[in-house]
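Asks: Contents of input.txt (compact mmCIF, C-alpha atoms):
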```txt
# COMPACT_ATOMS: atom_id res chain seq x y z
CA MET H 1 0.00 0.00 0.00
CA GLU H 2 1.75 3.17 -1.17
CA GLY H 3 -0.15 5.50 1.10
CA ARG H 4 -3.22 5.56 -1.11
CA PRO H 5 -6.24 5.15 1.12
CA ALA H 6 -8.41 2.25 0.01
CA ASP H 7 -11.80 3.28 -1.31
CA ASP H 8 -14.92 2.03 0.40
CA ALA H 9 -15.66 -0.65 -2.19
CA GLU H 10 -12.15 -2.05 -1.81
CA LEU H 11 -12.46 -2.06 1.98
CA PHE H 12 -15.79 -3.87 1.85
CA LEU H 13 -14.34 -6.45 -0.50
CA ARG H 14 -11.41 -7.03 1.81
CA ALA H 15 -13.71 -7.21 4.83
CA GLN H 16 -15.90 -9.73 3.03
CA ARG H 17 -12.81 -11.84 2.49
CA GLY H 18 -12.22 -11.83 6.21
CA SER H 19 -9.97 -8.83 6.83
CA VAL H 20 -10.76 -7.49 10.30
CA ASP H 21 -8.36 -4.58 9.66
CA ALA H 22 -10.42 -3.51 6.69
CA TYR H 23 -13.61 -3.73 8.70
CA GLU H 24 -12.14 -1.66 11.52
CA GLU H 25 -11.28 0.98 8.91
CA ILE H 26 -14.88 0.88 7.69
CA VAL H 27 -16.11 1.42 11.25
CA GLN H 28 -13.80 4.39 11.68
CA ARG H 29 -14.96 5.93 8.42
CA TYR H 30 -18.65 5.55 9.12
CA GLN H 31 -18.86 5.88 12.87
CA GLN H 32 -19.65 9.60 12.88
CA VAL H 33 -22.58 9.54 10.46
CA ALA H 34 -23.77 6.27 12.00
CA PHE H 35 -23.59 7.59 15.56
CA ARG H 36 -25.34 10.84 14.67
CA THR H 37 -28.07 8.99 12.80
CA ALA H 38 -28.63 6.83 15.86
CA TYR H 39 -28.58 9.93 18.05
CA VAL H 40 -31.28 11.63 15.99
CA ILE H 41 -33.44 8.51 16.37
CA THR H 42 -32.77 7.67 20.02
CA ARG H 43 -32.16 11.25 21.27
CA SER H 44 -29.65 9.78 23.69
CA ALA H 45 -25.87 9.72 23.30
CA ALA H 46 -25.57 6.54 25.38
CA GLU H 47 -28.28 4.72 23.45
CA ALA H 48 -26.80 5.97 20.19
CA GLU H 49 -23.36 4.65 21.10
CA GLU H 50 -24.68 1.25 22.10
CA SER H 51 -26.91 0.88 19.10
CA THR H 52 -24.15 2.01 16.72
CA GLN H 53 -21.69 -0.46 18.16
CA GLU H 54 -24.25 -3.26 18.03
CA ALA H 55 -25.15 -2.32 14.47
CA PHE H 56 -21.52 -2.48 13.34
CA VAL H 57 -21.18 -5.96 14.86
CA LYS H 58 -24.39 -7.06 13.11
CA ALA H 59 -23.23 -5.50 9.85
CA TYR H 60 -20.01 -7.51 10.08
CA ARG H 61 -21.97 -10.71 10.46
CA ALA H 62 -24.13 -9.71 7.51
CA LEU H 63 -21.24 -8.72 5.21
CA GLY H 64 -22.03 -11.72 3.06
CA ARG H 65 -25.28 -10.07 2.06
CA PHE H 66 -23.62 -6.85 0.97
CA ARG H 67 -23.67 -6.84 -2.80
CA ALA H 68 -20.44 -5.94 -4.53
CA GLY H 69 -20.80 -2.55 -6.20
CA ALA H 70 -23.65 -1.39 -3.96
CA GLU H 71 -23.40 1.88 -2.02
CA PRO H 72 -22.10 1.04 1.46
CA ARG H 73 -23.42 4.12 3.31
CA PRO H 74 -27.15 3.35 2.89
CA TRP H 75 -26.48 -0.28 3.74
CA ILE H 76 -24.69 0.62 6.97
CA LEU H 77 -27.20 3.34 7.87
CA ARG H 78 -30.13 0.99 7.40
CA ILE H 79 -28.66 -1.44 9.93
CA VAL H 80 -27.78 1.37 12.35
CA ALA H 81 -31.22 2.97 12.12
CA ASN H 82 -32.97 -0.38 12.59
CA GLU H 83 -30.94 -1.04 15.69
CA ALA H 84 -31.62 2.46 17.04
CA ARG H 85 -35.35 2.15 16.38
CA ASN H 86 -35.44 -1.25 18.09
CA ARG H 87 -33.79 0.25 21.15
CA VAL H 88 -36.28 3.11 21.28
CA ARG H 89 -39.11 0.59 20.90
CA SER H 90 -37.81 -1.75 23.58
CA ALA H 91 -37.08 1.13 25.95
CA GLY H 92 -40.75 2.09 25.60
CA ARG H 93 -40.01 5.73 26.27
CA ARG H 94 -38.88 8.82 24.48
CA GLN H 95 -35.80 10.69 25.54
CA GLN H 96 -36.35 14.35 26.16
CA LEU H 97 -32.99 15.47 24.90
CA GLU H 98 -33.28 17.74 21.89
CA LEU H 99 -30.92 18.96 19.23
CA ARG H 100 -29.14 22.09 20.38
CA LEU H 101 -26.96 24.72 18.81
CA ALA H 102 -23.27 24.80 19.54
CA GLU H 103 -21.94 27.84 21.38
CA GLY H 104 -19.93 30.45 19.50
CA PHE H 105 -19.49 31.31 15.86
CA ARG H 106 -18.82 28.96 13.05
CA PRO H 107 -15.26 28.93 11.83
CA GLY H 108 -14.85 31.21 8.84
CA ASP H 109 -17.77 33.43 9.75
CA ALA H 110 -17.15 37.14 9.68
CA ALA H 111 -17.61 38.41 13.21
CA PRO H 112 -20.98 40.17 13.32
CA SER H 113 -21.89 42.93 15.69
CA PRO H 114 -22.96 41.66 19.12
CA GLU H 115 -26.57 42.75 18.44
CA ALA H 116 -26.73 41.05 15.02
CA ALA H 117 -25.16 37.92 16.43
CA ALA H 118 -27.69 37.81 19.26
CA ILE H 119 -30.63 38.20 16.85
CA ALA H 120 -29.29 35.57 14.44
CA SER H 121 -28.59 33.18 17.27
CA GLU H 122 -32.08 33.72 18.66
CA GLU H 123 -33.64 33.02 15.24
CA ARG H 124 -31.68 29.84 14.86
CA GLN H 125 -32.58 28.73 18.36
CA ARG H 126 -36.24 29.40 17.59
CA LEU H 127 -36.07 27.46 14.35
CA LEU H 128 -34.42 24.50 16.06
CA LEU H 129 -37.02 24.62 18.82
CA LEU H 130 -39.78 24.43 16.22
CA ILE H 131 -38.06 21.45 14.57
CA ASN H 132 -37.77 19.68 17.90
CA GLN H 133 -41.50 20.18 18.40
CA LEU H 134 -42.45 18.59 15.08
CA ASP H 135 -43.93 15.11 14.83
CA GLU H 136 -41.35 12.33 14.89
CA ASP H 137 -41.60 11.58 11.15
CA ASP H 138 -41.19 15.24 10.22
CA ARG H 139 -38.33 15.80 12.65
CA LEU H 140 -36.49 12.72 11.43
CA VAL H 141 -36.77 13.47 7.73
CA ILE H 142 -35.65 17.09 8.19
CA SER H 143 -32.80 16.09 10.50
CA SER H 144 -31.67 13.38 8.10
CA ARG H 145 -31.65 15.60 5.03
CA TYR H 146 -30.34 18.88 6.45
CA PHE H 147 -28.47 18.12 9.65
CA LEU H 148 -27.01 14.72 8.83
CA GLU H 149 -26.82 15.77 5.17
CA LEU H 150 -27.87 12.32 3.98
CA SER H 151 -28.70 11.68 0.37
CA SER H 152 -32.19 10.70 -0.63
CA GLU H 153 -31.18 7.02 -0.76
CA GLU H 154 -29.47 7.23 2.62
CA THR H 155 -32.46 9.01 4.15
CA ALA H 156 -34.74 6.28 2.86
CA ALA H 157 -32.44 3.67 4.39
CA ALA H 158 -32.24 5.49 7.71
CA LEU H 159 -36.00 6.01 7.95
CA GLY H 160 -36.90 2.58 6.64
CA ILE H 161 -39.09 3.97 3.87
CA PRO H 162 -38.98 3.72 0.07
CA GLU H 163 -36.74 6.28 -1.61
CA GLY H 164 -39.74 7.59 -3.54
CA THR H 165 -41.45 8.49 -0.28
CA VAL H 166 -38.58 10.62 1.00
CA LYS H 167 -39.32 13.59 -1.28
CA SER H 168 -43.04 13.75 -0.48
CA ARG H 169 -42.46 13.28 3.24
CA LEU H 170 -39.80 15.98 3.26
CA SER H 171 -42.03 18.33 1.31
CA ARG H 172 -44.88 17.89 3.77
CA ALA H 173 -42.53 18.24 6.76
CA LEU H 174 -41.11 21.49 5.38
CA ALA H 175 -44.60 22.82 4.74
CA ARG H 176 -45.59 22.09 8.34
CA LEU H 177 -42.38 23.64 9.65
CA ARG H 178 -42.95 26.69 7.51
CA ALA H 179 -46.46 27.04 8.89
CA ARG H 180 -45.10 26.92 12.41
CA VAL H 181 -42.42 29.49 11.58
CA GLU H 182 -45.11 31.80 10.20
CA GLU H 183 -47.31 31.20 13.20
CA ALA H 184 -44.48 31.99 15.56
CA ALA H 185 -43.64 35.16 13.62
CA THR H 186 -47.18 36.48 13.78
CA SER H 187 -47.61 35.72 17.47
CA ALA H 188 -44.25 37.31 18.38
CA MET U 1 -42.03 34.85 6.48
CA PRO U 2 -39.40 32.76 4.81
CA GLU U 3 -40.09 31.21 1.44
CA LEU U 4 -39.57 27.46 1.26
CA SER U 5 -36.19 27.87 -0.38
CA GLU U 6 -35.19 30.36 2.25
CA LEU U 7 -36.28 27.94 4.93
CA GLU U 8 -34.15 25.27 3.33
CA GLN U 9 -31.20 27.62 3.26
CA GLN U 10 -31.68 28.32 6.94
CA LEU U 11 -31.80 24.61 7.66
CA ARG U 12 -28.61 24.04 5.73
CA ALA U 13 -26.92 26.81 7.64
CA LEU U 14 -28.19 25.39 10.88
CA ALA U 15 -26.52 22.05 10.17
CA ALA U 16 -23.07 23.44 10.86
CA GLU U 17 -24.18 24.71 14.24
CA ILE U 18 -25.87 21.67 15.67
CA GLU U 19 -24.23 20.60 18.89
CA TRP U 20 -23.62 16.90 18.39
CA PRO U 21 -22.33 14.72 21.21
CA ALA U 22 -18.74 13.64 20.65
CA THR U 23 -18.61 10.62 18.35
CA PRO U 24 -17.21 7.66 20.29
CA ALA U 25 -14.30 5.75 18.76
CA LEU U 26 -15.93 2.40 18.05
CA GLY U 27 -13.29 0.68 15.91
CA GLY U 28 -11.49 -1.02 18.79
CA ALA U 29 -14.64 -2.13 20.60
CA VAL U 30 -16.19 -3.54 17.44
CA ARG U 31 -12.95 -5.29 16.54
CA ARG U 32 -12.76 -6.90 19.96
CA ARG U 33 -16.33 -8.12 19.68
CA ILE U 34 -16.04 -9.60 16.22
CA THR U 35 -12.72 -11.27 16.89
CA SER U 36 -13.67 -12.68 20.28
CA THR U 37 -16.67 -14.58 18.94
CA THR U 38 -16.57 -17.47 16.57
CA PRO U 39 -19.48 -17.95 14.19
CA ARG U 40 -20.80 -20.76 16.34
CA SER U 41 -21.08 -18.49 19.32
CA TYR U 42 -23.64 -16.32 17.54
CA ALA U 43 -26.06 -19.10 18.28
CA ARG U 44 -27.28 -19.56 21.81
CA PRO U 45 -24.76 -21.28 24.08
CA TRP U 46 -25.13 -25.05 24.19
CA TYR U 47 -26.14 -25.02 27.83
CA GLU U 48 -29.14 -22.86 27.01
CA ARG U 49 -30.56 -25.38 24.62
CA ARG U 50 -33.18 -27.62 26.08
CA TRP U 51 -32.16 -30.67 24.11
CA ALA U 52 -28.57 -30.27 25.21
CA MET U 53 -29.63 -30.02 28.83
CA ALA U 54 -31.78 -33.11 28.47
CA ALA U 55 -28.96 -35.01 26.76
CA ALA U 56 -26.48 -33.97 29.43
CA ALA U 57 -28.87 -35.08 32.19
CA ALA U 58 -29.48 -38.42 30.46
CA LEU U 59 -25.74 -39.00 30.07
CA LEU U 60 -25.11 -38.17 33.71
CA ILE U 61 -27.81 -40.57 34.88
CA ALA U 62 -26.49 -43.29 32.58
CA ALA U 63 -22.94 -42.73 33.82
CA LEU U 64 -24.05 -42.98 37.45
CA LEU U 65 -25.98 -46.18 36.76
CA VAL U 66 -23.07 -47.77 34.95
CA ALA U 67 -20.65 -46.75 37.70
CA TYR U 68 -22.77 -48.60 40.27
CA THR U 69 -21.57 -52.24 40.11
CA PRO U 70 -24.90 -54.10 40.61
CA THR U 71 -26.51 -51.94 37.96
CA ARG U 72 -23.59 -52.46 35.61
CA ASN U 73 -23.89 -56.21 36.00
CA ALA U 74 -27.62 -56.06 35.44
CA ILE U 75 -27.13 -54.04 32.28
CA ALA U 76 -24.38 -56.41 31.09
CA ASP U 77 -26.63 -59.40 31.71
CA PHE U 78 -29.48 -57.73 29.92
CA LEU U 79 -27.29 -56.98 26.93
CA ASN U 80 -25.82 -60.48 27.12
CA LEU U 81 -22.30 -59.07 27.33
CA HIS U 82 -21.11 -61.87 29.58
CA THR U 83 -21.64 -64.44 26.86
CA SER U 84 -18.35 -65.51 25.27
CA ILE U 85 -18.08 -64.97 21.57
CA ASN U 86 -16.83 -67.72 19.29
CA ARG U 87 -14.89 -66.28 16.42
CA THR U 88 -14.98 -67.98 13.05
CA ASN U 89 -12.35 -67.78 10.35
CA VAL U 90 -14.88 -66.85 7.71
CA LEU U 91 -14.24 -63.32 6.60
CA PRO U 92 -17.28 -61.11 6.44
CA THR U 93 -18.51 -59.93 3.08
CA PRO U 94 -16.55 -56.77 2.29
CA SER U 95 -18.73 -53.71 2.55
CA PRO U 96 -17.42 -50.30 1.54
CA LEU U 97 -20.11 -48.56 3.53
CA PRO U 98 -20.43 -48.13 7.26
CA PRO U 99 -23.63 -49.60 8.68
CA GLY U 100 -26.80 -47.66 9.41
CA PRO U 101 -29.18 -45.57 7.38
CA LEU U 102 -27.48 -42.97 5.21
CA GLY U 103 -29.41 -40.07 6.69
CA GLN U 104 -28.37 -41.03 10.19
CA ARG U 105 -24.75 -41.50 9.23
CA LEU U 106 -24.58 -38.13 7.53
CA GLY U 107 -26.83 -36.32 9.98
CA LEU U 108 -29.33 -35.33 7.33
CA GLY U 109 -32.45 -35.58 9.49
CA ASN U 110 -35.48 -37.80 8.99
CA ARG U 111 -36.06 -39.74 5.83
CA VAL U 112 -39.31 -38.60 4.25
CA THR U 113 -41.05 -38.69 0.91
CA LEU U 114 -40.57 -35.80 -1.46
CA ALA U 115 -44.23 -34.87 -0.95
CA THR U 116 -43.76 -34.77 2.83
CA ALA U 117 -40.65 -32.62 2.45
CA ARG U 118 -42.55 -30.24 0.18
CA ALA U 119 -45.35 -29.99 2.70
CA GLY U 120 -42.90 -29.51 5.55
CA VAL U 121 -41.08 -26.43 4.29
CA LYS U 122 -42.21 -22.99 3.19
CA TRP U 123 -40.14 -22.71 0.06
CA ALA U 124 -40.51 -24.48 -3.28
CA ILE U 125 -38.04 -27.37 -3.32
CA VAL U 126 -36.15 -27.46 -6.61
CA LEU U 127 -34.88 -30.59 -8.35
CA PRO U 128 -32.40 -30.99 -11.19
CA SER U 129 -33.88 -32.30 -14.39
CA GLY U 130 -32.43 -35.35 -16.10
CA LEU U 131 -31.61 -37.29 -12.95
CA GLY U 132 -35.07 -38.60 -12.23
CA GLN U 133 -36.50 -38.57 -8.75
CA PRO U 134 -34.03 -38.55 -5.87
CA ASP U 135 -33.41 -41.94 -4.31
CA GLU U 136 -33.84 -40.62 -0.81
CA VAL U 137 -35.13 -37.37 0.66
CA TYR U 138 -34.29 -36.12 4.15
CA LEU U 139 -35.86 -33.34 6.16
CA GLN U 140 -34.01 -31.68 9.00
CA SER U 141 -36.54 -30.13 11.35
CA PRO U 142 -36.12 -26.60 12.73
CA LEU U 143 -35.70 -28.17 16.18
CA SER U 144 -32.36 -29.65 15.23
CA GLY U 145 -31.44 -27.54 12.22
CA PRO U 146 -31.94 -24.15 10.61
CA PRO U 147 -35.07 -22.13 11.56
CA GLN U 148 -37.06 -23.15 8.49
CA GLY U 149 -35.64 -26.65 8.24
CA GLU U 150 -33.37 -28.16 5.64
CA VAL U 151 -34.00 -30.61 2.84
CA THR U 152 -31.43 -32.98 1.36
CA LEU U 153 -31.96 -34.89 -1.87
CA VAL U 154 -29.81 -37.99 -2.27
CA TYR U 155 -28.93 -39.44 -5.65
CA GLY U 156 -27.31 -42.84 -5.14
CA SER U 157 -25.79 -43.51 -8.51
CA ARG U 158 -26.13 -41.71 -11.79
CA PRO U 159 -24.29 -42.21 -15.09
CA GLY U 160 -21.17 -40.08 -15.34
CA MET U 161 -21.10 -39.30 -11.64
CA PRO U 162 -18.63 -41.23 -9.49
CA VAL U 163 -20.03 -42.82 -6.35
CA SER U 164 -18.36 -41.72 -3.13
CA GLY U 165 -16.59 -44.59 -1.38
CA GLU U 166 -17.48 -43.04 1.96
CA THR U 167 -21.16 -42.47 1.44
CA GLY U 168 -22.09 -44.67 -1.46
CA VAL U 169 -23.87 -41.83 -3.19
CA SER U 170 -23.09 -39.71 -6.23
CA LEU U 171 -24.78 -36.51 -5.38
CA LEU U 172 -26.26 -34.59 -2.48
CA ILE U 173 -28.40 -31.52 -3.05
CA THR U 174 -29.18 -29.56 0.09
CA GLU U 175 -31.66 -26.70 0.26
CA VAL U 176 -32.06 -24.24 3.12
CA ARG U 177 -33.43 -20.72 3.55
CA GLY U 178 -30.79 -18.12 4.31
CA ASN U 179 -27.97 -16.09 2.85
CA VAL U 180 -24.49 -17.21 1.98
CA SER U 181 -21.94 -15.74 4.40
CA GLU U 182 -19.02 -14.88 2.17
CA THR U 183 -17.29 -13.37 5.18
CA PHE U 184 -16.37 -16.83 6.33
CA PHE U 185 -15.21 -18.22 3.03
CA GLY U 186 -11.70 -17.73 4.34
CA LYS U 187 -12.40 -20.42 6.92
CA ILE U 188 -13.23 -23.08 4.35
CA ILE U 189 -10.31 -22.50 2.09
CA GLY U 190 -7.57 -24.93 2.90
CA PRO U 191 -4.65 -26.23 0.88
CA GLY U 192 -5.87 -27.28 -2.52
CA THR U 193 -9.28 -25.65 -2.13
CA THR U 194 -10.32 -22.75 -4.32
CA ILE U 195 -13.44 -20.61 -4.51
CA GLU U 196 -14.69 -19.07 -7.71
CA GLU U 197 -17.73 -16.83 -7.98
CA VAL U 198 -20.18 -17.84 -10.70
CA ILE U 199 -23.56 -16.68 -11.95
CA VAL U 200 -26.23 -19.31 -12.58
CA GLY U 201 -29.52 -18.22 -14.09
CA GLY U 202 -28.97 -14.70 -12.76
CA HIS U 203 -28.23 -15.95 -9.25
CA ARG U 204 -24.89 -15.63 -7.51
CA GLY U 205 -23.04 -18.80 -6.84
CA TRP U 206 -19.67 -20.12 -5.73
CA TRP U 207 -17.82 -23.08 -7.15
CA ILE U 208 -15.67 -24.55 -4.41
CA SER U 209 -13.26 -27.12 -5.71
CA GLY U 210 -10.88 -29.24 -3.73
CA HIS U 211 -11.73 -30.50 -0.29
CA PRO U 212 -13.94 -28.03 1.53
CA HIS U 213 -15.28 -29.38 4.80
CA ALA U 214 -17.51 -26.63 6.08
CA PHE U 215 -19.87 -24.00 4.84
CA PHE U 216 -21.26 -20.89 6.54
CA PHE U 217 -24.56 -19.18 6.00
CA THR U 218 -26.87 -16.76 7.75
CA GLY U 219 -30.16 -18.39 8.69
CA THR U 220 -33.50 -16.62 8.50
CA ASP U 221 -33.14 -15.84 12.21
CA GLY U 222 -29.97 -13.84 11.47
CA GLU U 223 -27.69 -16.35 13.16
CA ILE U 224 -24.54 -17.49 11.43
CA ARG U 225 -24.52 -21.26 11.01
CA ASP U 226 -21.80 -23.57 9.89
CA GLU U 227 -22.48 -26.94 8.37
CA THR U 228 -20.27 -29.82 7.45
CA LEU U 229 -20.08 -30.57 3.77
CA ARG U 230 -20.84 -34.28 3.77
CA LEU U 231 -18.87 -35.39 0.76
CA ALA U 232 -15.90 -33.05 1.32
CA THR U 233 -15.55 -32.75 -2.41
CA ASN U 234 -16.35 -30.23 -5.12
CA THR U 235 -19.33 -28.15 -4.14
CA LEU U 236 -21.44 -25.59 -5.96
CA ILE U 237 -23.41 -23.16 -3.82
CA ILE U 238 -26.20 -21.08 -5.33
CA ASP U 239 -28.05 -18.24 -3.64
CA ASP U 240 -31.40 -18.79 -5.30
CA GLY U 241 -33.33 -15.75 -4.10
CA GLY U 242 -33.07 -16.54 -0.42
CA THR U 243 -32.81 -20.30 -0.78
CA ILE U 244 -29.29 -21.65 -0.63
CA VAL U 245 -28.87 -24.68 -2.85
CA ARG U 246 -25.77 -26.77 -2.29
CA ILE U 247 -24.69 -29.35 -4.85
CA GLU U 248 -22.08 -31.76 -3.54
CA GLY U 249 -20.49 -34.47 -5.59
CA ASP U 250 -17.36 -35.48 -7.39
CA LEU U 251 -18.45 -33.38 -10.35
CA THR U 252 -16.67 -31.19 -12.83
CA LYS U 253 -17.50 -27.51 -12.69
CA GLN U 254 -19.47 -27.78 -15.93
CA GLN U 255 -21.48 -30.75 -14.62
CA ALA U 256 -22.35 -28.82 -11.48
CA LEU U 257 -23.28 -25.69 -13.42
CA ASP U 258 -25.47 -27.74 -15.78
CA LEU U 259 -27.24 -29.31 -12.81
CA ALA U 260 -27.73 -25.90 -11.20
CA THR U 261 -29.09 -24.43 -14.42
CA SER U 262 -31.59 -27.29 -14.70
CA LEU U 263 -32.99 -26.78 -11.18
CA SER U 264 -36.70 -26.14 -11.23
```
Taking this structure as input, can you express it in the form of structure tokens?
Replies:
Amino acid sequence: MEGRPADDAELFLRAQRGSVDAYEEIVQRYQQVAFRTAYVITRSAAEAEESTQEAFVKAYRALGRFRAGAEPRPWILRIVANEARNRVRSAGRRQQLELRLAEGFRPGDAAPSPEAAAIASEERQRLLLLINQLDEDDRLVISSRYFLELSSEETAAALGIPEGTVKSRLSRALARLRARVEEAATSA
Amino acid sequence: MPELSELEQQLRALAAEIEWPATPALGGAVRRRITSTTPRSYARPWYERRWAMAAAAALLIAALLVAYTPTRNAIADFLNLHTSINRTNVLPTPSPLPPGPLGQRLGLGNRVTLATARAGVKWAIVLPSGLGQPDEVYLQSPLSGPPQGEVTLVYGSRPGMPVSGETGVSLLITEVRGNVSETFFGKIIGPGTTIEEVIVGGHRGWWISGHPHAFFFTGTDGEIRDETLRLATNTLIIDDGGTIVRIEGDLTKQQALDLATSLS
């Protein structure tokens, strides 16, 4: 290996042939998006960590079913999301933890005036609050597409719905969010 | 009032500011878990299986009875073990096959008719054309085998197919619901054994030539299972839309592919 990182397809092939090193590399590459997907579903960092780890073990056992040439991300995310949903179901309760904004400015942002920054931050907080108050289906599809930045195929895999349903569900979720934004603006 | 596109822009901008919990490093933990368990251990431990507990209890009772001298003598008398045996110089008729029914010797399950096997499983059993009906059919029940059972078709002797000296049969075709676990192919490749991926009638398959002894697949319950290949000879495995068909025999690759293509 002359320093060229193996692409995902190559890693999956090697893992399918029994290379644990290759599979560990796969885990490292996908653990962030997998963990965050599980976090959006479980709303708990601990549950997300456990379900992600479990999902990676299950995915290893199921490597034989991964078709050569298929996209690995949706395949992994489907297993992770299933595991996360099962945990939520078996826990029989909903975590109260909600998505929050990080403190401070984003790197690369021009420093705004303190007043402008406070207003912008407040607007973003309000928008995130409205998203957290949406129905589960709406919250998940918006979080998957915009916060996790999943593709349509990956969103379908994560939500366990057909890819053709993602667009319509997202459209309806955005319409409902927009209505809430408008409602909040008029009542402010 | 933001337009939809403006709302989407705001959402995109928000993505960079979400406070995510720190992503745990899972590589090491996952590696430890997958390397510390063998495929067998994915199934429930032996001591959790009722039949194993019953068998262990029966063995223990039998051992205690045999250890007790009066009982041992009673058993020996009953079995007539104290009778002396007169040996004769007449050699027995040579028999290349070990005694006992084939299914029992090879652990194939219960011998049934093809109709019973068809009624006993949820999938459509496929047969190769040109070989006639199988000579024997065995059904492994879910209690002692895979979750949806397993069917083995035995073809004793067919033109152009050598008969195994160990089993006395030319061909075994085994059918089971599940998915082929390519992950474990490494475990069945020994010296002189090669695996080649093939496509048969649009289905993926693997031609394993040499002396493979085991085969791994994922059952419908998600558990990894390993099975002994009975003939330990060339084997063609086909993933026929969720049914794994295994063709074992001392066949050439072309013979095996022709048989697989004729399955219906």
Asks: Would you compute the distance between atom CA of H:Ala157 and atom CA of H:Pro74? Give it in Å to one decimal.
Replies: 5.5 Å
Asks: So which residues touch H:Arg139 within 10 Å, counting all atoms listed in the file, skipping near sequence neighbours fewer than 2 positions away, as JSON, numbers by chain?
Replies: {"H": [40, 41, 130, 131, 132, 133, 134, 135, 136, 137, 141, 142, 143, 144, 170, 173, 174, 177]}
Asks: Excluding same-chain residues fewer than 4 positions from U:Tyr155, what lies within 10 Å of it counting only C-alpha atoms, as an NGL selection string?
Replies: :U and (131-137 or 161 or 163 or 168-173 or 249)
Asks: With all atoms listed in the file as the basis for distance, which of H:Gln28, H:Leu13, H:Gln125, H:Ser90 is at the shortest distance from chain U?
Replies: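 Looking only at the distances to chain U, the closest residue turns out to be H:Gln28.
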Asks: Write out as JSON, numbers by chain each polymer residue whose atoms come within 9 Å of H:Glu25, counting all atoms listed in the file; drop sequence neighbours fewer than 5 positions from it.
Replies: {"H": [11, 20, 30], "U": [27]}
Asks: Report as a list in words the set of chain H residues whose atoms approach chain U to within 7 Å, with distances computed over only C-alpha atoms.
Replies: Gln16, Arg17, Gly18, Val20, Glu24, Val27, Gln28, Gln31, Gln32, Phe35, Ala45, Glu49, Gln53, Phe56, Val57, Leu63, Gly64, Arg65, Leu99, Arg100, Leu101, Ala102, Arg106, Arg124, Tyr146, Phe147 and Glu182 of chain H
Asks: What does the distance from atom CA of U:Glu175 to atom CA of U:Glu197 come to in Å, to one decimal?
Replies: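 Distance between the two atoms: 19.0 Å.
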Asks: Do you have the atom CA of U:Val121-atom CA of U:Ser264 distance handy?
Replies: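 We find that atom CA of U:Val121 and atom CA of U:Ser264 lie 16.1 Å from each other.
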Asks: Which of these, H:Ala15, H:Val80, H:Ala70, H:Ile26, has the shortest distance to H:Ala38 once you count all atoms listed in the file?
Replies: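 With all atoms listed in the file as the atom set, the closest residue is H:Val80.
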Asks: Of the candidates U:Leu60, U:Ala115, U:Leu108, U:Val245, which one gets nearest to U:Tyr138 if we count all atoms listed in the file?
Replies: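 Once distances to U:Tyr138 are computed over all atoms listed in the file, the minimum belongs to U:Leu108.
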Asks: Using all atoms listed in the file, collect all residues at a distance of at most 9 Å from (-33.9, -32.0, 3.5) as written in the file, then present them as a ChimeraX atom specification.
Replies: /U:108-112,117,137-141,149-153,173-176
Asks: Take the residues that were just selected and, keeping C-alpha atoms, output them as a PDB file, in the frame of the given file.
Replies:
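Once written, selection11.pdb looks like this:
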```
ATOM      1  CA  LEU U 108     -29.330 -35.330   7.330  1.00  0.00           C
ATOM      2  CA  GLY U 109     -32.450 -35.580   9.490  1.00  0.00           C
ATOM      3  CA  ASN U 110     -35.480 -37.800   8.990  1.00  0.00           C
ATOM      4  CA  ARG U 111     -36.060 -39.740   5.830  1.00  0.00           C
ATOM      5  CA  VAL U 112     -39.310 -38.600   4.250  1.00  0.00           C
ATOM      6  CA  ALA U 117     -40.650 -32.620   2.450  1.00  0.00           C
ATOM      7  CA  VAL U 137     -35.130 -37.370   0.660  1.00  0.00           C
ATOM      8  CA  TYR U 138     -34.290 -36.120   4.150  1.00  0.00           C
ATOM      9  CA  LEU U 139     -35.860 -33.340   6.160  1.00  0.00           C
ATOM     10  CA  GLN U 140     -34.010 -31.680   9.000  1.00  0.00           C
ATOM     11  CA  SER U 141     -36.540 -30.130  11.350  1.00  0.00           C
ATOM     12  CA  GLY U 149     -35.640 -26.650   8.240  1.00  0.00           C
ATOM     13  CA  GLU U 150     -33.370 -28.160   5.640  1.00  0.00           C
ATOM     14  CA  VAL U 151     -34.000 -30.610   2.840  1.00  0.00           C
ATOM     15  CA  THR U 152     -31.430 -32.980   1.360  1.00  0.00           C
ATOM     16  CA  LEU U 153     -31.960 -34.890  -1.870  1.00  0.00           C
ATOM     17  CA  ILE U 173     -28.400 -31.520  -3.050  1.00  0.00           C
ATOM     18  CA  THR U 174     -29.180 -29.560   0.090  1.00  0.00           C
ATOM     19  CA  GLU U 175     -31.660 -26.700   0.260  1.00  0.00           C
ATOM     20  CA  VAL U 176     -32.060 -24.240   3.120  1.00  0.00           C
TER      21      VAL U 176
END
```
Asks: What lies within 9 Å of U:Gly205 using all atoms listed in the file, ignoring chain neighbours under 3 positions off, as number ranges by chain?
Replies: U: 196-200, 236-240
